[in-house]
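Undergrad: Hey, dropping entry-v9.txt in here, compact mmCIF, C-alpha atoms and all ligand atoms:
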```
# COMPACT_ATOMS: atom_id res chain seq x y z
CA MET G 1 0.00 0.00 0.00
CA THR G 2 1.22 3.48 -0.86
CA ARG G 3 2.21 5.46 2.22
CA TYR G 4 2.49 9.18 2.95
CA PHE G 5 5.50 10.95 4.45
CA ALA G 6 6.14 14.61 5.19
CA ILE G 7 9.48 16.35 4.64
CA VAL G 8 9.89 19.76 6.28
CA PRO G 9 12.95 21.70 5.08
CA ALA G 10 14.08 23.84 8.02
CA ALA G 11 17.74 24.43 7.24
CA GLY G 12 17.51 28.07 6.15
CA SER G 13 18.99 31.04 7.97
CA GLY G 14 16.03 33.45 7.68
CA ARG G 15 18.10 36.26 6.17
CA ARG G 16 15.07 38.41 5.25
CA MET G 17 13.68 38.12 8.77
CA GLY G 18 16.93 39.58 10.11
CA ALA G 19 16.43 38.12 13.61
CA GLU G 20 19.04 36.96 16.12
CA ARG G 21 18.24 33.33 15.32
CA PRO G 22 16.99 31.38 12.28
CA LYS G 23 13.31 32.33 11.81
CA GLN G 24 12.10 28.74 12.28
CA TYR G 25 13.03 29.09 15.97
CA LEU G 26 11.37 32.47 16.63
CA ASP G 27 8.55 32.46 19.16
CA LEU G 28 5.05 32.12 17.69
CA CYS G 29 2.21 31.68 20.18
CA GLY G 30 4.64 30.38 22.79
CA LYS G 31 6.24 27.73 20.56
CA PRO G 32 9.10 27.79 18.07
CA LEU G 33 7.65 28.78 14.68
CA LEU G 34 8.59 25.42 13.20
CA TRP G 35 6.47 23.57 15.80
CA HIS G 36 3.24 24.72 14.14
CA ALA G 37 3.92 23.17 10.72
CA LEU G 38 5.16 19.95 12.34
CA THR G 39 2.00 19.81 14.47
CA ALA G 40 -0.31 20.18 11.44
CA LEU G 41 1.49 17.42 9.52
CA ALA G 42 1.77 15.08 12.51
CA GLY G 43 -1.96 15.63 13.09
CA VAL G 44 -2.76 13.86 9.82
CA THR G 45 -3.10 10.21 10.75
CA ARG G 46 -2.36 9.04 7.19
CA ILE G 47 1.14 10.56 7.39
CA HIS G 48 3.45 7.81 8.58
CA THR G 49 6.46 9.94 9.61
CA VAL G 50 7.34 13.63 9.54
CA PHE G 51 10.99 14.22 8.62
CA VAL G 52 12.42 17.59 9.61
CA VAL G 53 15.53 18.66 7.71
CA LEU G 54 18.03 20.68 9.75
CA SER G 55 21.37 22.21 8.95
CA PRO G 56 24.23 20.02 10.23
CA GLU G 57 25.41 23.11 12.18
CA ASP G 58 21.98 23.80 13.75
CA ASP G 59 22.45 24.38 17.48
CA TRP G 60 18.87 25.56 18.18
CA TRP G 61 16.84 22.39 17.75
CA GLY G 62 18.15 20.78 20.95
CA ARG G 63 17.10 23.77 23.07
CA PHE G 64 13.40 22.91 22.70
CA ASP G 65 11.29 19.94 23.76
CA TRP G 66 9.99 17.92 20.81
CA SER G 67 9.15 14.78 22.80
CA GLY G 68 5.39 15.28 22.26
CA PHE G 69 5.80 14.11 18.67
CA GLY G 70 7.29 10.77 19.72
CA SER G 71 8.61 8.53 16.96
CA ARG G 72 6.33 10.16 14.33
CA LEU G 73 9.00 12.89 14.04
CA GLN G 74 12.48 12.12 12.75
CA VAL G 75 15.35 14.58 12.47
CA LEU G 76 17.60 14.59 9.40
CA ARG G 77 20.69 16.78 9.77
CA VAL G 78 21.33 16.89 6.05
CA GLY G 79 20.37 20.47 5.13
CA GLY G 80 22.19 21.93 2.12
CA GLU G 81 22.98 25.36 0.73
CA THR G 82 19.64 25.76 -1.00
CA ARG G 83 16.13 24.58 -0.21
CA ALA G 84 16.24 22.21 -3.19
CA GLN G 85 19.50 20.71 -1.90
CA SER G 86 18.02 20.27 1.56
CA VAL G 87 15.04 18.38 0.09
CA GLY G 88 17.22 16.36 -2.31
CA ASN G 89 19.54 15.32 0.54
CA ALA G 90 16.53 14.32 2.66
CA LEU G 91 15.06 12.18 -0.13
CA ARG G 92 18.38 10.35 -0.47
CA SER G 93 18.80 9.83 3.24
CA ILE G 94 15.35 8.20 3.66
CA PHE G 95 15.73 6.05 0.53
CA ALA G 96 15.92 2.77 2.49
CA GLN G 97 12.82 3.58 4.57
CA VAL G 98 10.39 4.36 1.74
CA ALA G 99 9.18 2.93 -1.56
CA ALA G 100 9.46 4.71 -4.91
CA GLU G 101 5.64 5.04 -5.10
CA ASP G 102 5.25 6.48 -1.60
CA TRP G 103 3.98 10.07 -1.50
CA MET G 104 6.23 12.80 -0.09
CA LEU G 105 4.56 15.98 1.15
CA VAL G 106 7.26 18.66 1.18
CA HIS G 107 6.28 21.62 3.36
CA ASP G 108 8.18 24.81 4.27
CA ALA G 109 8.85 25.04 8.00
CA ALA G 110 8.04 28.75 7.65
CA ARG G 111 4.38 28.17 6.61
CA ALA G 112 3.12 28.03 10.15
CA CYS G 113 -0.60 28.50 9.41
CA LEU G 114 -1.08 25.16 7.65
CA SER G 115 -4.06 23.27 9.07
CA VAL G 116 -4.72 19.54 9.39
CA ALA G 117 -7.89 19.95 7.29
CA GLN G 118 -5.90 21.60 4.49
CA VAL G 119 -3.39 18.74 4.38
CA GLU G 120 -6.25 16.20 4.36
CA ALA G 121 -7.88 18.04 1.44
CA LEU G 122 -4.60 18.09 -0.51
CA ILE G 123 -4.05 14.36 -0.02
CA ASP G 124 -7.66 13.57 -1.01
CA ALA G 125 -7.30 15.65 -4.18
CA LEU G 126 -4.00 14.12 -5.30
CA THR G 127 -3.85 10.56 -4.04
CA ASP G 128 -4.98 9.08 -7.38
CA ASP G 129 -3.14 11.64 -9.52
CA PRO G 130 -0.48 10.24 -11.88
CA VAL G 131 1.84 13.24 -11.36
CA GLY G 132 1.08 14.89 -8.01
CA GLY G 133 0.69 18.57 -7.29
CA LEU G 134 0.72 21.41 -4.84
CA LEU G 135 -1.31 23.74 -2.73
CA ALA G 136 -1.64 27.12 -4.45
CA GLN G 137 -3.72 30.27 -4.61
CA PRO G 138 -5.06 32.13 -7.67
CA VAL G 139 -3.46 35.60 -7.88
CA ALA G 140 -5.92 38.22 -6.62
CA ASP G 141 -4.04 41.49 -7.18
CA THR G 142 -3.30 43.27 -10.45
CA LEU G 143 0.30 42.54 -11.39
CA LYS G 144 2.87 45.10 -12.61
CA ARG G 145 6.23 44.47 -14.19
CA ALA G 146 8.81 47.07 -13.05
CA ASP G 147 12.03 48.49 -14.44
CA LYS G 148 15.14 48.99 -12.30
CA ALA G 149 13.82 52.34 -11.04
CA ALA G 150 10.58 50.76 -9.79
CA ARG G 151 8.51 52.34 -12.59
CA VAL G 152 5.78 50.29 -14.21
CA VAL G 153 6.77 48.83 -17.55
CA GLU G 154 3.55 46.88 -18.08
CA THR G 155 0.48 45.41 -16.45
CA VAL G 156 0.62 41.63 -16.55
CA THR G 157 -2.70 39.85 -16.87
CA ARG G 158 -3.33 37.71 -13.81
CA ASP G 159 -5.60 35.29 -15.67
CA ALA G 160 -4.49 31.74 -14.98
CA LEU G 161 -1.71 32.87 -12.62
CA TRP G 162 -1.35 31.10 -9.28
CA GLN G 163 0.98 31.55 -6.33
CA ALA G 164 2.67 28.28 -5.44
CA GLN G 165 2.58 27.23 -1.79
CA THR G 166 3.40 24.04 0.05
CA PRO G 167 2.82 21.17 0.78
CA GLN G 168 3.93 19.95 -2.62
CA MET G 169 3.08 16.28 -3.02
CA PHE G 170 5.00 13.95 -5.34
CA ARG G 171 6.07 10.31 -5.26
CA HIS G 172 9.55 9.60 -3.88
CA GLY G 173 10.88 8.09 -7.12
CA LEU G 174 9.66 10.87 -9.42
CA LEU G 175 10.69 13.69 -7.07
CA SER G 176 14.18 12.26 -6.52
CA ARG G 177 14.71 11.97 -10.26
CA ALA G 178 13.35 15.46 -10.91
CA LEU G 179 15.50 17.19 -8.27
CA ALA G 180 18.63 15.31 -9.37
CA GLN G 181 18.12 16.52 -12.96
CA CYS G 182 17.07 20.05 -12.06
CA PRO G 183 18.71 21.15 -8.79
CA GLY G 184 18.34 24.91 -9.43
CA VAL G 185 14.59 25.10 -8.82
CA THR G 186 12.86 27.05 -6.05
CA ASP G 187 10.11 24.46 -5.53
CA GLU G 188 9.56 20.75 -6.12
CA ALA G 189 6.91 21.37 -8.79
CA GLY G 190 9.47 23.33 -10.83
CA ALA G 191 11.70 20.26 -11.03
CA VAL G 192 8.78 18.00 -11.98
CA GLU G 193 7.70 20.51 -14.66
CA ALA G 194 11.22 20.40 -16.11
CA LEU G 195 10.62 16.69 -16.79
CA GLY G 196 7.70 17.72 -19.03
CA LEU G 197 4.99 16.81 -16.51
CA ALA G 198 2.12 19.02 -15.34
CA PRO G 199 1.59 19.07 -11.56
CA ARG G 200 -1.97 19.73 -10.43
CA LEU G 201 -2.84 22.96 -8.57
CA VAL G 202 -5.08 22.50 -5.53
CA ALA G 203 -6.64 25.75 -4.27
CA ALA G 204 -5.76 26.62 -0.67
CA GLU G 205 -8.84 27.31 1.45
CA ALA G 206 -7.15 29.15 4.32
CA PRO G 207 -4.14 31.46 4.82
CA ASN G 208 -0.92 29.55 4.26
CA PHE G 209 1.65 32.28 3.66
CA LYS G 210 5.34 31.87 4.30
CA VAL G 211 6.60 33.81 7.32
CA THR G 212 9.37 35.79 5.61
CA TYR G 213 9.55 39.36 6.99
CA PRO G 214 9.16 40.60 10.61
CA GLN G 215 5.61 41.88 9.94
CA ASP G 216 4.49 38.36 8.91
CA LEU G 217 4.93 37.10 12.49
CA ALA G 218 2.13 39.23 13.96
CA LEU G 219 -0.29 38.14 11.22
CA ALA G 220 0.55 34.46 11.73
CA GLU G 221 0.04 34.90 15.47
CA LEU G 222 -3.44 36.43 14.93
CA ILE G 223 -4.48 33.65 12.56
CA LEU G 224 -3.32 30.89 14.91
CA GLN G 225 -4.95 32.53 17.92
CA ALA G 226 -8.26 32.95 16.08
CA ARG G 227 -8.16 29.31 14.99
CA SER G 228 -7.46 28.05 18.50
CA LYS G 229 -10.59 29.88 19.74
CA SER G 230 -12.95 28.55 17.05
N1 LIG E 301 15.39 26.02 3.66
C1 LIG E 301 16.19 24.88 3.81
N2 LIG E 301 17.48 24.88 3.36
C2 LIG E 301 18.02 25.98 2.80
C3 LIG E 301 17.21 27.15 2.62
C4 LIG E 301 15.90 27.14 3.07
O1 LIG E 301 15.72 23.87 4.33
N3 LIG E 301 19.30 25.96 2.42
C5 LIG E 301 14.03 26.02 4.19
C6 LIG E 301 13.77 27.15 5.18
O2 LIG E 301 14.21 26.79 6.49
C7 LIG E 301 12.26 27.36 5.06
C8 LIG E 301 11.94 26.90 3.64
O3 LIG E 301 13.10 26.23 3.14
O4 LIG E 301 11.52 26.57 5.95
C9 LIG E 301 11.56 28.07 2.76
O5 LIG E 301 12.67 28.95 2.63
P1 LIG E 301 12.67 30.49 3.03
O6 LIG E 301 11.33 30.94 3.48
O7 LIG E 301 13.35 31.23 1.92
O8 LIG E 301 13.59 30.49 4.35
P2 LIG E 301 15.07 31.03 4.51
O9 LIG E 301 15.89 30.62 3.34
O10 LIG E 301 15.54 30.61 5.86
O11 LIG E 301 14.84 32.61 4.52
P3 LIG E 301 15.63 33.72 3.65
O12 LIG E 301 15.44 33.32 2.21
O13 LIG E 301 14.97 35.01 4.02
O14 LIG E 301 17.07 33.63 4.10
MG MG E 302 15.41 31.33 1.33
```
Spit out the file's structure as structure tokens when you get a sec.

TA:
Amino acid sequence: MTRYFAIVPAAGSGRRMGAERPKQYLDLCGKPLLWHALTALAGVTRIHTVFVVLSPEDDWWGRFDWSGFGSRLQVLRVGGETRAQSVGNALRSIFAQVAAEDWMLVHDAARACLSVAQVEALIDALTDDPVGGLLAQPVADTLKRADKAARVVETVTRDALWQAQTPQMFRHGLLSRALAQCPGVTDEAGAVEALGLAPRLVAAEAPNFKVTYPQDLALAELILQARSKS
């Protein structure tokens, strides 16, 4: 039977956040930011194991208590220089534990607002798909292309444009092959597209932005607080 695994790349330095520690360890509702994404994925009973990918030099992980996750959470200290390298290294290091047809849900540690229901909906939408796909959102704003002086060169039609999010869900064999052939991508779907395949877009039903800049933290906090009250 095909199984589901989650891979959470968390080996970045959070340069744009500009904090005193990598952003995945900043406080969000009393927990390290990363805890929220891990909790959503571990809350999906169909997901066999959640693998978190850390930098080999990470000295923050051990300062927090992760024992609540038990054996459902496994740490891989194989982070690389880019996100794609971190994911590629993780896929190689779990090779013996998974089958080529098993589904991998790759999710940014920095997308803290992911909900269990959203992961369930993604899996339901893609489990019989021959390629796989990703959570995404149709672009709502009018788009402008700028020159170097930040003056508008043109208005770009937003028809059929989507913003890619995570989780991105592909089978271990296909994703490993795709990332090995196309290591310069910024998301898993980009590597699969480079093989000539068309990943499916699944519309996100709730906020799932990536905490990137300092102002994103307060918004994530409000969303998580509101959800915990409902
Ligand atoms: N990531 C990773 N390995 C890297 C770079 C990024 O595992 N070499 C992870 C980050 O930890 C994050 C996710 O990929 O969970 C998305 O990346 P991003 O939001 O860009 O995080 P950072 O690279 O840490 O932030 P910045 O680009 O601002 O430095
Ligand atoms: Mg980055």

Undergrad: Check which residues fall inside 12 Å of ligand MG 302 (chain E) when counting only C-alpha atoms and all ligand atoms, and print them as number ranges by chain.

TA: G: 9-17, 22-24, 80-86, 108-110, 185-187, 210-213

Undergrad: Quick one: residues within 12 Å of Gln225 in chain G, only C-alpha atoms, excluding same-chain residues fewer than 6 positions away - as a PyMOL selection string?

TA: chain G and resi 28-30+36+113+218-219

Undergrad: Once you have the residues from the selection above, write them out as a PDB file, keeping the file's coordinate frame, restricted to C-alpha atoms.

TA:
```pdb
ATOM      1  CA  LEU G  28       5.050  32.120  17.690  1.00  0.00           C
ATOM      2  CA  CYS G  29       2.210  31.680  20.180  1.00  0.00           C
ATOM      3  CA  GLY G  30       4.640  30.380  22.790  1.00  0.00           C
ATOM      4  CA  HIS G  36       3.240  24.720  14.140  1.00  0.00           C
ATOM      5  CA  CYS G 113      -0.600  28.500   9.410  1.00  0.00           C
ATOM      6  CA  ALA G 218       2.130  39.230  13.960  1.00  0.00           C
ATOM      7  CA  LEU G 219      -0.290  38.140  11.220  1.00  0.00           C
TER       8      LEU G 219
END
```

Undergrad: Using CA of His48 in chain G and CA of Tyr4 in chain G as the two end points, give the distance in Å to one decimal.

TA: 5.9 Å

Undergrad: Would you kindly return, as a list in words, each protein, DNA or RNA residue with an atom no farther than 7 Å from any atom of Leu76 in chain G, considering all atoms listed in the file and excluding same-chain residues fewer than 2 positions away?

TA: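 Residues near the query, excluding close chain neighbours: Phe51, Val52, Val53, Leu54, Gln74, Val78 and Ala90 of chain G.
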
Undergrad: Closest to Arg171 in chain G among G:Val116, G:Leu26, G:Val131, G:Ala220, using only C-alpha atoms?

TA: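 Nearest to Arg171 in chain G: G:Val131.
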
Undergrad: Point out the residue among G:Asn89, G:Ser115, G:Thr155, G:Thr39 with the least atom-to-atom distance to ligand LIG 301 (chain E), counting all atoms listed in the file.

TA: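 Looking only at the distances to ligand LIG 301 (chain E), the closest residue turns out to be G:Asn89.
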
Undergrad: Give me, please, the distance in Å between atom C1 of ligand LIG 301 (chain E) and CA of Gly79 in chain G, quoted to one decimal.

TA: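 Between atom C1 of ligand LIG 301 (chain E) and CA of Gly79 in chain G the gap works out to 6.2 Å.
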
Undergrad: What does the distance between CA of Trp103 in chain G and CA of Phe5 in chain G come to in Å, to one decimal place?

TA: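 Distance between the two atoms: 6.2 Å.
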
Undergrad: Which one of G:Glu20, G:Leu222, G:Gly43, G:Ser228 sits closest to Ala117 in chain G if you count all atoms listed in the file?

TA: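 Answer, going by the shortest atom-to-atom distance: G:Gly43.
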
Undergrad: Residues near Ala121 in chain G, anyone? I mean within 12 Å using all atoms listed in the file, not counting same-chain ones fewer than 2 positions away, as a PDB file with C-alpha atoms, keeping the file's coordinate frame.

TA:
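Wrote around22.pdb, looks like this:
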```pdb
ATOM      1  CA  VAL G  44      -2.760  13.860   9.820  1.00  0.00           C
ATOM      2  CA  LEU G 114      -1.080  25.160   7.650  1.00  0.00           C
ATOM      3  CA  SER G 115      -4.060  23.270   9.070  1.00  0.00           C
ATOM      4  CA  VAL G 116      -4.720  19.540   9.390  1.00  0.00           C
ATOM      5  CA  ALA G 117      -7.890  19.950   7.290  1.00  0.00           C
ATOM      6  CA  GLN G 118      -5.900  21.600   4.490  1.00  0.00           C
ATOM      7  CA  VAL G 119      -3.390  18.740   4.380  1.00  0.00           C
ATOM      8  CA  ILE G 123      -4.050  14.360  -0.020  1.00  0.00           C
ATOM      9  CA  ASP G 124      -7.660  13.570  -1.010  1.00  0.00           C
ATOM     10  CA  ALA G 125      -7.300  15.650  -4.180  1.00  0.00           C
ATOM     11  CA  LEU G 126      -4.000  14.120  -5.300  1.00  0.00           C
ATOM     12  CA  THR G 127      -3.850  10.560  -4.040  1.00  0.00           C
ATOM     13  CA  LEU G 134       0.720  21.410  -4.840  1.00  0.00           C
ATOM     14  CA  LEU G 135      -1.310  23.740  -2.730  1.00  0.00           C
ATOM     15  CA  PRO G 167       2.820  21.170   0.780  1.00  0.00           C
ATOM     16  CA  MET G 169       3.080  16.280  -3.020  1.00  0.00           C
ATOM     17  CA  VAL G 202      -5.080  22.500  -5.530  1.00  0.00           C
ATOM     18  CA  ALA G 203      -6.640  25.750  -4.270  1.00  0.00           C
ATOM     19  CA  ALA G 204      -5.760  26.620  -0.670  1.00  0.00           C
ATOM     20  CA  GLU G 205      -8.840  27.310   1.450  1.00  0.00           C
ATOM     21  CA  ALA G 206      -7.150  29.150   4.320  1.00  0.00           C
TER      22      ALA G 206
END
```

Undergrad: For ligand LIG 301 (chain E), which of G:Ala99, G:Ala112, G:Leu105, G:Val156 is the closest residue, counting all atoms listed in the file?

TA: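 Answer, going by the shortest atom-to-atom distance: G:Ala112.
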
Undergrad: Write out as a ChimeraX atom specification which residues come within 6 Å of Phe170 in chain G when counting only C-alpha atoms, dropping same-chain ones fewer than 5 positions away.

TA: /G:103-104,132,175

Undergrad: Using only C-alpha atoms and all ligand atoms, which residue out of G:Arg72, G:Lys229, G:Val153, G:Phe209 lies closest to ligand LIG 301 (chain E)?

TA: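 With only C-alpha atoms and all ligand atoms as the atom set, the closest residue is G:Phe209.
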
Undergrad: Give, as AutoDock Vina command-line options, the centre coordinates and the x, y and z edge lengths in Å to one decimal for an axis-aligned box around all listed atoms of ligand LIG 301 (chain E), padded by 6 Å on each side.

TA:
```
--center_x 15.3 --center_y 29.4 --center_z 4.2 --size_x 20.0 --size_y 23.1 --size_z 16.6
```

Undergrad: Between G:Leu161, G:Ala191, G:Val87, G:Ala40, which residue has the minimum interatomic distance to ligand LIG 301 (chain E), considering only C-alpha atoms and all ligand atoms?

TA: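 Counting only C-alpha atoms and all ligand atoms, the residue closest to ligand LIG 301 (chain E) is G:Val87.
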